[in-house]
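Trainee: Got a file for you: input-v6.pdb, PDB, C-alpha atoms.
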ATOM      1  CA  MET A   1     -22.332  11.082  -2.494
ATOM      2  CA  LYS A   2     -20.461  14.193  -1.434
ATOM      3  CA  PHE A   3     -17.904  15.482  -3.962
ATOM      4  CA  GLN A   4     -15.080  17.768  -2.825
ATOM      5  CA  GLU A   5     -12.679  18.995  -5.514
ATOM      6  CA  THR A   6      -9.031  18.938  -4.462
ATOM      7  CA  LYS A   7      -6.398  21.556  -5.266
ATOM      8  CA  LEU A   8      -5.697  19.470  -8.403
ATOM      9  CA  ALA A   9      -8.529  20.424 -10.775
ATOM     10  CA  GLY A  10     -10.676  17.461 -11.738
ATOM     11  CA  ALA A  11      -9.503  15.264  -8.848
ATOM     12  CA  TYR A  12     -12.176  14.727  -6.193
ATOM     13  CA  ILE A  13     -12.452  13.286  -2.723
ATOM     14  CA  VAL A  14     -15.783  11.489  -2.574
ATOM     15  CA  ASP A  15     -17.509  10.718   0.708
ATOM     16  CA  LEU A  16     -20.643   8.737   1.280
ATOM     17  CA  ASN A  17     -24.060  10.232   1.963
ATOM     18  CA  LEU A  18     -25.269   7.822   4.642
ATOM     19  CA  LEU A  19     -28.916   6.880   5.115
ATOM     20  CA  GLN A  20     -28.824   5.553   8.676
ATOM     21  CA  ASP A  21     -31.261   3.686  10.882
ATOM     22  CA  GLU A  22     -31.150   1.060  13.633
ATOM     23  CA  ARG A  23     -29.762  -1.530  11.178
ATOM     24  CA  GLY A  24     -26.756   0.556  10.177
ATOM     25  CA  PHE A  25     -26.579   2.570   6.981
ATOM     26  CA  PHE A  26     -27.074   2.424   3.229
ATOM     27  CA  SER A  27     -25.239   4.515   0.660
ATOM     28  CA  ARG A  28     -24.419   4.585  -3.011
ATOM     29  CA  ILE A  29     -20.733   4.048  -3.679
ATOM     30  CA  PHE A  30     -20.986   4.920  -7.381
ATOM     31  CA  CYS A  31     -23.687   6.646  -9.431
ATOM     32  CA  ARG A  32     -23.198   7.481 -13.100
ATOM     33  CA  ASN A  33     -25.664  10.395 -12.898
ATOM     34  CA  GLU A  34     -23.921  12.006  -9.934
ATOM     35  CA  PHE A  35     -20.521  11.662 -11.602
ATOM     36  CA  GLU A  36     -21.852  13.233 -14.790
ATOM     37  CA  GLN A  37     -23.433  16.098 -12.814
ATOM     38  CA  HIS A  38     -19.910  16.933 -11.610
ATOM     39  CA  GLY A  39     -18.473  16.667 -15.123
ATOM     40  CA  LEU A  40     -16.567  13.480 -14.291
ATOM     41  CA  VAL A  41     -15.955  10.503 -16.551
ATOM     42  CA  SER A  42     -18.531   7.910 -15.556
ATOM     43  CA  ASP A  43     -17.621   5.074 -17.913
ATOM     44  CA  VAL A  44     -16.577   2.025 -15.929
ATOM     45  CA  VAL A  45     -14.900  -0.598 -18.072
ATOM     46  CA  GLN A  46     -12.980  -2.597 -15.499
ATOM     47  CA  GLY A  47     -12.856  -3.188 -11.757
ATOM     48  CA  ASN A  48      -9.556  -4.069 -10.064
ATOM     49  CA  MET A  49      -8.605  -5.108  -6.561
ATOM     50  CA  SER A  50      -5.224  -5.279  -4.883
ATOM     51  CA  TRP A  51      -4.614  -7.142  -1.654
ATOM     52  CA  ASN A  52      -1.539  -6.135   0.302
ATOM     53  CA  ARG A  53      -0.090  -8.451   2.920
ATOM     54  CA  SER A  54       1.832  -5.982   5.028
ATOM     55  CA  LYS A  55       2.003  -2.402   6.238
ATOM     56  CA  GLY A  56       4.520  -0.403   4.226
ATOM     57  CA  THR A  57       3.692  -1.978   0.852
ATOM     58  CA  LEU A  58       4.108   0.638  -1.865
ATOM     59  CA  ARG A  59       2.480   0.415  -5.302
ATOM     60  CA  GLY A  60       3.125   3.159  -7.847
ATOM     61  CA  MET A  61       3.527   5.650  -9.297
ATOM     62  CA  HIS A  62       1.583   4.405 -12.349
ATOM     63  CA  PHE A  63      -0.081   5.957 -15.389
ATOM     64  CA  GLN A  64      -1.197   4.875 -18.861
ATOM     65  CA  TYR A  65       0.061   6.402 -22.110
ATOM     66  CA  SER A  66      -2.282   7.851 -24.740
ATOM     67  CA  PRO A  67      -4.690   6.688 -26.055
ATOM     68  CA  TYR A  68      -5.203   4.334 -23.078
ATOM     69  CA  GLN A  69      -5.227   6.832 -20.207
ATOM     70  CA  GLU A  70      -7.449   5.793 -17.317
ATOM     71  CA  THR A  71      -9.631   7.666 -14.926
ATOM     72  CA  LYS A  72      -9.738   5.824 -11.611
ATOM     73  CA  PHE A  73     -12.154   5.742  -8.693
ATOM     74  CA  ILE A  74     -10.327   4.275  -5.703
ATOM     75  CA  ARG A  75     -11.658   3.016  -2.384
ATOM     76  CA  CYS A  76      -9.920   1.144   0.426
ATOM     77  CA  VAL A  77     -12.274  -1.636   1.530
ATOM     78  CA  ARG A  78     -10.065  -3.205   4.222
ATOM     79  CA  GLY A  79      -7.252  -1.612   6.200
ATOM     80  CA  ALA A  80      -5.811   1.781   5.257
ATOM     81  CA  ILE A  81      -3.688   3.455   2.590
ATOM     82  CA  TYR A  82      -2.083   6.787   1.924
ATOM     83  CA  ASP A  83      -3.066   7.406  -1.704
ATOM     84  CA  VAL A  84      -0.986   9.808  -3.819
ATOM     85  CA  ILE A  85      -1.718  11.362  -7.193
ATOM     86  CA  ILE A  86       0.446  13.643  -9.351
ATOM     87  CA  ASP A  87      -0.953  15.945 -12.037
ATOM     88  CA  LEU A  88       0.933  15.160 -15.273
ATOM     89  CA  ARG A  89      -1.238  17.353 -17.531
ATOM     90  CA  LYS A  90       1.323  19.686 -19.117
ATOM     91  CA  ASP A  91      -1.312  22.375 -19.767
ATOM     92  CA  SER A  92      -2.601  22.322 -16.176
ATOM     93  CA  PRO A  93      -1.874  25.112 -13.672
ATOM     94  CA  THR A  94      -1.155  22.345 -11.129
ATOM     95  CA  TYR A  95       1.234  20.405 -13.426
ATOM     96  CA  LYS A  96       3.688  18.330 -11.342
ATOM     97  CA  GLN A  97       1.813  19.009  -8.092
ATOM     98  CA  TRP A  98       0.679  16.126  -5.903
ATOM     99  CA  ILE A  99      -1.760  15.406  -3.112
ATOM    100  CA  GLY A 100      -2.018  12.566  -0.645
ATOM    101  CA  VAL A 101      -5.278  11.318   0.869
ATOM    102  CA  GLU A 102      -5.793   8.749   3.601
ATOM    103  CA  LEU A 103      -8.342   6.202   2.414
ATOM    104  CA  THR A 104      -9.461   3.673   5.002
ATOM    105  CA  ALA A 105     -12.120   1.051   5.463
ATOM    106  CA  ASP A 106     -13.312   3.106   8.447
ATOM    107  CA  ASN A 107     -13.576   6.527   6.785
ATOM    108  CA  ARG A 108     -15.018   5.012   3.559
ATOM    109  CA  THR A 109     -13.587   7.939   1.577
ATOM    110  CA  ALA A 110     -12.847   7.457  -2.124
ATOM    111  CA  LEU A 111     -10.663   9.345  -4.594
ATOM    112  CA  PHE A 112     -11.540  10.173  -8.203
ATOM    113  CA  VAL A 113      -8.385  10.431 -10.319
ATOM    114  CA  PRO A 114      -8.585  12.055 -13.781
ATOM    115  CA  LYS A 115      -6.669  10.710 -16.754
ATOM    116  CA  ASP A 116      -3.083  11.905 -17.162
ATOM    117  CA  PHE A 117      -2.338  11.619 -13.446
ATOM    118  CA  ALA A 118       0.197   9.273 -11.879
ATOM    119  CA  HIS A 119      -1.197   7.190  -9.020
ATOM    120  CA  GLY A 120       0.273   5.169  -6.194
ATOM    121  CA  PHE A 121      -0.223   4.294  -2.545
ATOM    122  CA  ILE A 122       1.435   2.911   0.548
ATOM    123  CA  THR A 123      -0.398   0.671   2.979
ATOM    124  CA  LEU A 124      -0.784   1.923   6.542
ATOM    125  CA  GLN A 125      -1.946  -1.438   7.942
ATOM    126  CA  ASP A 126      -1.386  -5.127   7.325
ATOM    127  CA  ASP A 127      -4.029  -6.998   5.289
ATOM    128  CA  THR A 128      -5.225  -4.040   3.212
ATOM    129  CA  GLU A 129      -7.474  -4.283   0.143
ATOM    130  CA  VAL A 130      -8.010  -1.547  -2.420
ATOM    131  CA  PHE A 131     -10.795  -1.561  -5.021
ATOM    132  CA  TYR A 132     -10.586   0.506  -8.226
ATOM    133  CA  LEU A 133     -13.086   1.278 -10.958
ATOM    134  CA  VAL A 134     -11.316   2.312 -14.170
ATOM    135  CA  SER A 135     -12.436   3.802 -17.478
ATOM    136  CA  GLN A 136     -10.184   1.726 -19.758
ATOM    137  CA  SER A 137      -9.252  -1.911 -20.076
ATOM    138  CA  TYR A 138      -5.612  -2.521 -19.256
ATOM    139  CA  GLN A 139      -3.471  -2.433 -22.401
ATOM    140  CA  PRO A 140      -0.134  -4.261 -22.101
ATOM    141  CA  GLY A 141       2.717  -2.034 -23.180
ATOM    142  CA  SER A 142       0.886   1.220 -22.443
ATOM    143  CA  GLU A 143       1.816   1.476 -18.747
ATOM    144  CA  GLY A 144       4.280   4.045 -17.527
ATOM    145  CA  GLY A 145       5.583   4.997 -14.140
ATOM    146  CA  ILE A 146       7.577   7.426 -12.061
ATOM    147  CA  ARG A 147       9.897   6.477  -9.231
ATOM    148  CA  TRP A 148       8.003   6.801  -5.940
ATOM    149  CA  ASN A 149      10.722   9.013  -4.426
ATOM    150  CA  ASP A 150      11.569  11.153  -7.474
ATOM    151  CA  PRO A 151      13.157  14.254  -5.888
ATOM    152  CA  GLN A 152      11.384  16.747  -8.165
ATOM    153  CA  PHE A 153       8.009  15.902  -6.572
ATOM    154  CA  GLN A 154       9.156  15.647  -2.930
ATOM    155  CA  ILE A 155       6.219  13.438  -1.973
ATOM    156  CA  GLU A 156       5.860  13.279   1.795
ATOM    157  CA  TRP A 157       5.116   9.594   2.358
ATOM    158  CA  PRO A 158       3.974   8.885   5.943
ATOM    159  CA  LEU A 159       6.409   5.952   6.267
ATOM    160  CA  GLU A 160       9.255   4.287   4.392
ATOM    161  CA  PRO A 161       8.242   1.399   2.141
ATOM    162  CA  THR A 162       9.074  -2.075   3.407
ATOM    163  CA  CYS A 163       7.785  -3.891   0.318
ATOM    164  CA  ILE A 164       7.945  -2.627  -3.263
ATOM    165  CA  SER A 165       8.082  -4.584  -6.520
ATOM    166  CA  ALA A 166      11.274  -4.550  -8.576
ATOM    167  CA  LYS A 167       9.286  -2.946 -11.409
ATOM    168  CA  ASP A 168       8.000  -0.101  -9.207
ATOM    169  CA  ALA A 169      11.437   0.449  -7.635
ATOM    170  CA  ALA A 170      12.965   0.736 -11.117
ATOM    171  CA  TRP A 171      10.677   3.397 -12.602
ATOM    172  CA  PRO A 172      12.774   6.367 -13.788
ATOM    173  CA  ASP A 173      12.589   9.939 -12.557
ATOM    174  CA  TYR A 174       9.996  11.969 -14.455
ATOM    175  CA  GLU A 175      11.096  13.722 -17.627
ATOM    176  CA  GLY A 176       8.405  16.177 -18.561
TER     177      GLY A 176
END
Any chance you could give the structure as structure tokens?

Mentor:
Amino acid sequence: MKFQETKLAGAYIVDLNLLQDERGFFSRIFCRNEFEQHGLVSDVVQGNMSWNRSKGTLRGMHFQYSPYQETKFIRCVRGAIYDVIIDLRKDSPTYKQWIGVELTADNRTALFVPKDFAHGFITLQDDTEVFYLVSQSYQPGSEGGIRWNDPQFQIEWPLEPTCISAKDAAWPDYEG
């Protein structure tokens, strides 16, 4: 795998290292040793998948409260998403900064998200599936969120959402 740190310290774009021949290719999509060599949390406790019916579906911006914070490793396995993360680490030099990364089934790029980040995405195509590996089991009552269009972050979404859950639409603006 090829690890490229983003401007948000500890968050990485991860591309595949393809071994190709006449059949196609082979590649690791996760390797504990490689994650540990980059100082990344490699404990995988749960795998999640979301299927999204239509382009313009927005999920986010989610995080987990202490002590249940999650690291996430996110890959789009069908379709395409614009994946957004916000650094919520108050002691970080990039506190309240965000990045967006296009993850698609075609580019096979993944995103490693450290704990104490908010995460969300919008689908860029109909019939999109997203697969996550996470470091914590989901704990009811420990989930938090930020409104997807909170003006203090000025996230530049590539399109307006056409489908968003009532819960995600109702998250408050960030107070931090």

Trainee: Axis-aligned box over every listed atom of range 67-71 of chain A, padded by 6 Å per side: centre and edges in Å to one decimal, as AutoDock Vina command-line options?

Mentor:
--center_x -7.2 --center_y 6.0 --center_z -20.5 --size_x 16.9 --size_y 15.3 --size_z 23.1

Trainee: Apply the PyMOL selection byres ((chain A and resi 133-145) around 6) to the file shown and report the selected residues as a list in words.

Mentor: Asp43, Val44, Val45, Gln46, Gly47, Met61, His62, Phe63, Gln64, Tyr65, Glu70, Thr71, Lys72, Phe73, Tyr132, Ile146 and Trp171 of chain A

Trainee: As an exercise, work out the distance from CA of Asp168 in chain A to CA of Leu58 in chain A in Å and give it to one decimal place.

Mentor: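 Distance reported for this atom pair: 8.3 Å.
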
Trainee: Taking 2 positions as the minimum chain separation for residues in the same chain, which residues sit within 12 Å of Phe117 in chain A when counting only C-alpha atoms? Answer as number ranges by chain.

Mentor: A: 8-11, 60-66, 69-72, 84-90, 92, 94-99, 112-115, 119-120, 144-146

Trainee: Write the residues of the selection above to a file with C-alpha atoms, as a CSV table (one decimal), in the coordinates of the input.

Mentor:
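Output file selection_33.csv is given in full below:
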chain,number,residue,atom,x,y,z
A,8,LEU,CA,-5.7,19.5,-8.4
A,9,ALA,CA,-8.5,20.4,-10.8
A,10,GLY,CA,-10.7,17.5,-11.7
A,11,ALA,CA,-9.5,15.3,-8.8
A,60,GLY,CA,3.1,3.2,-7.8
A,61,MET,CA,3.5,5.6,-9.3
A,62,HIS,CA,1.6,4.4,-12.3
A,63,PHE,CA,-0.1,6.0,-15.4
A,64,GLN,CA,-1.2,4.9,-18.9
A,65,TYR,CA,0.1,6.4,-22.1
A,66,SER,CA,-2.3,7.9,-24.7
A,69,GLN,CA,-5.2,6.8,-20.2
A,70,GLU,CA,-7.4,5.8,-17.3
A,71,THR,CA,-9.6,7.7,-14.9
A,72,LYS,CA,-9.7,5.8,-11.6
A,84,VAL,CA,-1.0,9.8,-3.8
A,85,ILE,CA,-1.7,11.4,-7.2
A,86,ILE,CA,0.4,13.6,-9.4
A,87,ASP,CA,-1.0,15.9,-12.0
A,88,LEU,CA,0.9,15.2,-15.3
A,89,ARG,CA,-1.2,17.4,-17.5
A,90,LYS,CA,1.3,19.7,-19.1
A,92,SER,CA,-2.6,22.3,-16.2
A,94,THR,CA,-1.2,22.3,-11.1
A,95,TYR,CA,1.2,20.4,-13.4
A,96,LYS,CA,3.7,18.3,-11.3
A,97,GLN,CA,1.8,19.0,-8.1
A,98,TRP,CA,0.7,16.1,-5.9
A,99,ILE,CA,-1.8,15.4,-3.1
A,112,PHE,CA,-11.5,10.2,-8.2
A,113,VAL,CA,-8.4,10.4,-10.3
A,114,PRO,CA,-8.6,12.1,-13.8
A,115,LYS,CA,-6.7,10.7,-16.8
A,119,HIS,CA,-1.2,7.2,-9.0
A,120,GLY,CA,0.3,5.2,-6.2
A,144,GLY,CA,4.3,4.0,-17.5
A,145,GLY,CA,5.6,5.0,-14.1
A,146,ILE,CA,7.6,7.4,-12.1

Trainee: At what distance in Å, to one decimal, does CA of Asn52 in chain A lie from CA of Thr104 in chain A?

Mentor: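 Rounded to one decimal, the two atoms are 13.5 Å apart.
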
Trainee: Taking 5 positions as the minimum chain separation for residues in the same chain, which residues sit within 8 Å of Ile81 in chain A when counting all atoms listed in the file? Answer as a list in words.

Mentor: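 So the residues in contact are Cys76, Glu102, Leu103, Thr104, Phe121, Ile122, Thr123, Leu124, Gln125 and Thr128 of chain A.
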
Trainee: Write out as a PDB file with C-alpha atoms, keeping the file's coordinate frame each polymer residue whose atoms come within 10 Å of Asn149 in chain A, counting only C-alpha atoms; drop sequence neighbours fewer than 6 positions from it.

Mentor:
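Produced file result-v8.pdb, reproduced below:
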ATOM      1  CA  MET A  61       3.527   5.650  -9.297  1.00  0.00           C
ATOM      2  CA  ILE A 155       6.219  13.438  -1.973  1.00  0.00           C
ATOM      3  CA  GLU A 156       5.860  13.279   1.795  1.00  0.00           C
ATOM      4  CA  TRP A 157       5.116   9.594   2.358  1.00  0.00           C
ATOM      5  CA  ALA A 169      11.437   0.449  -7.635  1.00  0.00           C
ATOM      6  CA  TRP A 171      10.677   3.397 -12.602  1.00  0.00           C
ATOM      7  CA  PRO A 172      12.774   6.367 -13.788  1.00  0.00           C
ATOM      8  CA  ASP A 173      12.589   9.939 -12.557  1.00  0.00           C
TER       9      ASP A 173
END

Trainee: Return the single residue from A:Ser27, A:Val14, A:Asp116, A:Ser165 that is closest to Arg75 in chain A, with distances computed using all atoms listed in the file.

Mentor: A:Val14

Trainee: CA of Glu175 in chain A and CA of Tyr82 in chain A, how far apart in Å?

Mentor: 24.6 Å

Trainee: Quick one: of A:Arg147, A:Lys167, A:Arg28, A:Arg53, who's nearest to Asp126 in chain A, counting all atoms listed in the file?

Mentor: A:Arg53

Trainee: With distances taken over all atoms listed in the file, which residue among A:Met1, A:Ile74, A:Cys163, A:Ala105 lies nearest Met49 in chain A?

Mentor: A:Ile74

Trainee: Got a minute to add all heavy atoms to range 36-47 of chain A and dump it as a PDB file, keeping the file's coordinate frame?

Mentor:
ATOM      1  N   GLU A  36     -21.640  12.372 -13.633  1.00  0.00           N
ATOM      2  CA  GLU A  36     -21.852  13.233 -14.790  1.00  0.00           C
ATOM      3  C   GLU A  36     -22.272  14.642 -14.382  1.00  0.00           C
ATOM      4  O   GLU A  36     -21.886  15.623 -15.026  1.00  0.00           O
ATOM      5  CB  GLU A  36     -22.874  12.597 -15.731  1.00  0.00           C
ATOM      6  CG  GLU A  36     -22.306  11.378 -16.441  1.00  0.00           C
ATOM      7  CD  GLU A  36     -23.308  10.616 -17.283  1.00  0.00           C
ATOM      8  OE1 GLU A  36     -24.518  10.947 -17.264  1.00  0.00           O
ATOM      9  OE2 GLU A  36     -22.877   9.670 -17.964  1.00  0.00           O
ATOM     10  N   GLN A  37     -23.038  14.769 -13.295  1.00  0.00           N
ATOM     11  CA  GLN A  37     -23.433  16.098 -12.814  1.00  0.00           C
ATOM     12  C   GLN A  37     -22.218  16.916 -12.384  1.00  0.00           C
ATOM     13  O   GLN A  37     -22.264  18.149 -12.394  1.00  0.00           O
ATOM     14  CB  GLN A  37     -24.412  15.972 -11.642  1.00  0.00           C
ATOM     15  CG  GLN A  37     -25.790  15.514 -12.055  1.00  0.00           C
ATOM     16  CD  GLN A  37     -26.667  15.163 -10.857  1.00  0.00           C
ATOM     17  OE1 GLN A  37     -26.278  15.324  -9.701  1.00  0.00           O
ATOM     18  NE2 GLN A  37     -27.850  14.659 -11.142  1.00  0.00           N
ATOM     19  N   HIS A  38     -21.140  16.246 -11.998  1.00  0.00           N
ATOM     20  CA  HIS A  38     -19.910  16.933 -11.610  1.00  0.00           C
ATOM     21  C   HIS A  38     -18.904  17.012 -12.766  1.00  0.00           C
ATOM     22  O   HIS A  38     -17.758  17.408 -12.567  1.00  0.00           O
ATOM     23  CB  HIS A  38     -19.277  16.236 -10.395  1.00  0.00           C
ATOM     24  CG  HIS A  38     -20.021  16.505  -9.138  1.00  0.00           C
ATOM     25  ND1 HIS A  38     -21.106  15.755  -8.743  1.00  0.00           N
ATOM     26  CD2 HIS A  38     -19.871  17.468  -8.196  1.00  0.00           C
ATOM     27  CE1 HIS A  38     -21.581  16.229  -7.605  1.00  0.00           C
ATOM     28  NE2 HIS A  38     -20.859  17.267  -7.255  1.00  0.00           N
ATOM     29  N   GLY A  39     -19.337  16.608 -13.956  1.00  0.00           N
ATOM     30  CA  GLY A  39     -18.473  16.667 -15.123  1.00  0.00           C
ATOM     31  C   GLY A  39     -17.379  15.616 -15.133  1.00  0.00           C
ATOM     32  O   GLY A  39     -16.353  15.790 -15.799  1.00  0.00           O
ATOM     33  N   LEU A  40     -17.590  14.524 -14.400  1.00  0.00           N
ATOM     34  CA  LEU A  40     -16.567  13.480 -14.291  1.00  0.00           C
ATOM     35  C   LEU A  40     -16.859  12.317 -15.227  1.00  0.00           C
ATOM     36  O   LEU A  40     -18.017  11.994 -15.488  1.00  0.00           O
ATOM     37  CB  LEU A  40     -16.505  12.957 -12.850  1.00  0.00           C
ATOM     38  CG  LEU A  40     -16.286  14.016 -11.775  1.00  0.00           C
ATOM     39  CD1 LEU A  40     -16.283  13.385 -10.396  1.00  0.00           C
ATOM     40  CD2 LEU A  40     -15.001  14.778 -12.025  1.00  0.00           C
ATOM     41  N   VAL A  41     -15.811  11.690 -15.716  1.00  0.00           N
ATOM     42  CA  VAL A  41     -15.955  10.503 -16.551  1.00  0.00           C
ATOM     43  C   VAL A  41     -16.664   9.430 -15.728  1.00  0.00           C
ATOM     44  O   VAL A  41     -16.264   9.126 -14.606  1.00  0.00           O
ATOM     45  CB  VAL A  41     -14.578   9.994 -17.021  1.00  0.00           C
ATOM     46  CG1 VAL A  41     -14.691   8.659 -17.736  1.00  0.00           C
ATOM     47  CG2 VAL A  41     -13.915  11.028 -17.924  1.00  0.00           C
ATOM     48  N   SER A  42     -17.741   8.894 -16.298  1.00  0.00           N
ATOM     49  CA  SER A  42     -18.531   7.910 -15.556  1.00  0.00           C
ATOM     50  C   SER A  42     -18.498   6.532 -16.200  1.00  0.00           C
ATOM     51  O   SER A  42     -19.183   5.629 -15.744  1.00  0.00           O
ATOM     52  CB  SER A  42     -19.980   8.394 -15.439  1.00  0.00           C
ATOM     53  OG  SER A  42     -20.541   8.516 -16.730  1.00  0.00           O
ATOM     54  N   ASP A  43     -17.729   6.381 -17.262  1.00  0.00           N
ATOM     55  CA  ASP A  43     -17.621   5.074 -17.913  1.00  0.00           C
ATOM     56  C   ASP A  43     -16.761   4.156 -17.061  1.00  0.00           C
ATOM     57  O   ASP A  43     -15.606   4.475 -16.768  1.00  0.00           O
ATOM     58  CB  ASP A  43     -16.981   5.206 -19.299  1.00  0.00           C
ATOM     59  CG  ASP A  43     -17.845   5.988 -20.262  1.00  0.00           C
ATOM     60  OD1 ASP A  43     -19.076   5.989 -20.075  1.00  0.00           O
ATOM     61  OD2 ASP A  43     -17.284   6.595 -21.184  1.00  0.00           O
ATOM     62  N   VAL A  44     -17.332   3.038 -16.668  1.00  0.00           N
ATOM     63  CA  VAL A  44     -16.577   2.025 -15.929  1.00  0.00           C
ATOM     64  C   VAL A  44     -16.436   0.825 -16.843  1.00  0.00           C
ATOM     65  O   VAL A  44     -17.418   0.238 -17.278  1.00  0.00           O
ATOM     66  CB  VAL A  44     -17.290   1.625 -14.620  1.00  0.00           C
ATOM     67  CG1 VAL A  44     -16.569   0.464 -13.948  1.00  0.00           C
ATOM     68  CG2 VAL A  44     -17.378   2.820 -13.687  1.00  0.00           C
ATOM     69  N   VAL A  45     -15.190   0.490 -17.160  1.00  0.00           N
ATOM     70  CA  VAL A  45     -14.900  -0.598 -18.072  1.00  0.00           C
ATOM     71  C   VAL A  45     -14.328  -1.797 -17.330  1.00  0.00           C
ATOM     72  O   VAL A  45     -14.494  -2.935 -17.739  1.00  0.00           O
ATOM     73  CB  VAL A  45     -13.922  -0.116 -19.172  1.00  0.00           C
ATOM     74  CG1 VAL A  45     -13.495  -1.246 -20.084  1.00  0.00           C
ATOM     75  CG2 VAL A  45     -14.556   1.002 -19.974  1.00  0.00           C
ATOM     76  N   GLN A  46     -13.676  -1.529 -16.212  1.00  0.00           N
ATOM     77  CA  GLN A  46     -12.980  -2.597 -15.499  1.00  0.00           C
ATOM     78  C   GLN A  46     -12.963  -2.277 -14.008  1.00  0.00           C
ATOM     79  O   GLN A  46     -12.887  -1.120 -13.616  1.00  0.00           O
ATOM     80  CB  GLN A  46     -11.554  -2.670 -16.052  1.00  0.00           C
ATOM     81  CG  GLN A  46     -10.718  -3.817 -15.581  1.00  0.00           C
ATOM     82  CD  GLN A  46      -9.420  -3.879 -16.380  1.00  0.00           C
ATOM     83  OE1 GLN A  46      -9.433  -4.057 -17.582  1.00  0.00           O
ATOM     84  NE2 GLN A  46      -8.305  -3.721 -15.695  1.00  0.00           N
ATOM     85  N   GLY A  47     -13.032  -3.313 -13.195  1.00  0.00           N
ATOM     86  CA  GLY A  47     -12.856  -3.188 -11.757  1.00  0.00           C
ATOM     87  C   GLY A  47     -11.632  -3.990 -11.350  1.00  0.00           C
ATOM     88  O   GLY A  47     -11.450  -5.119 -11.807  1.00  0.00           O
TER      89      GLY A  47
END
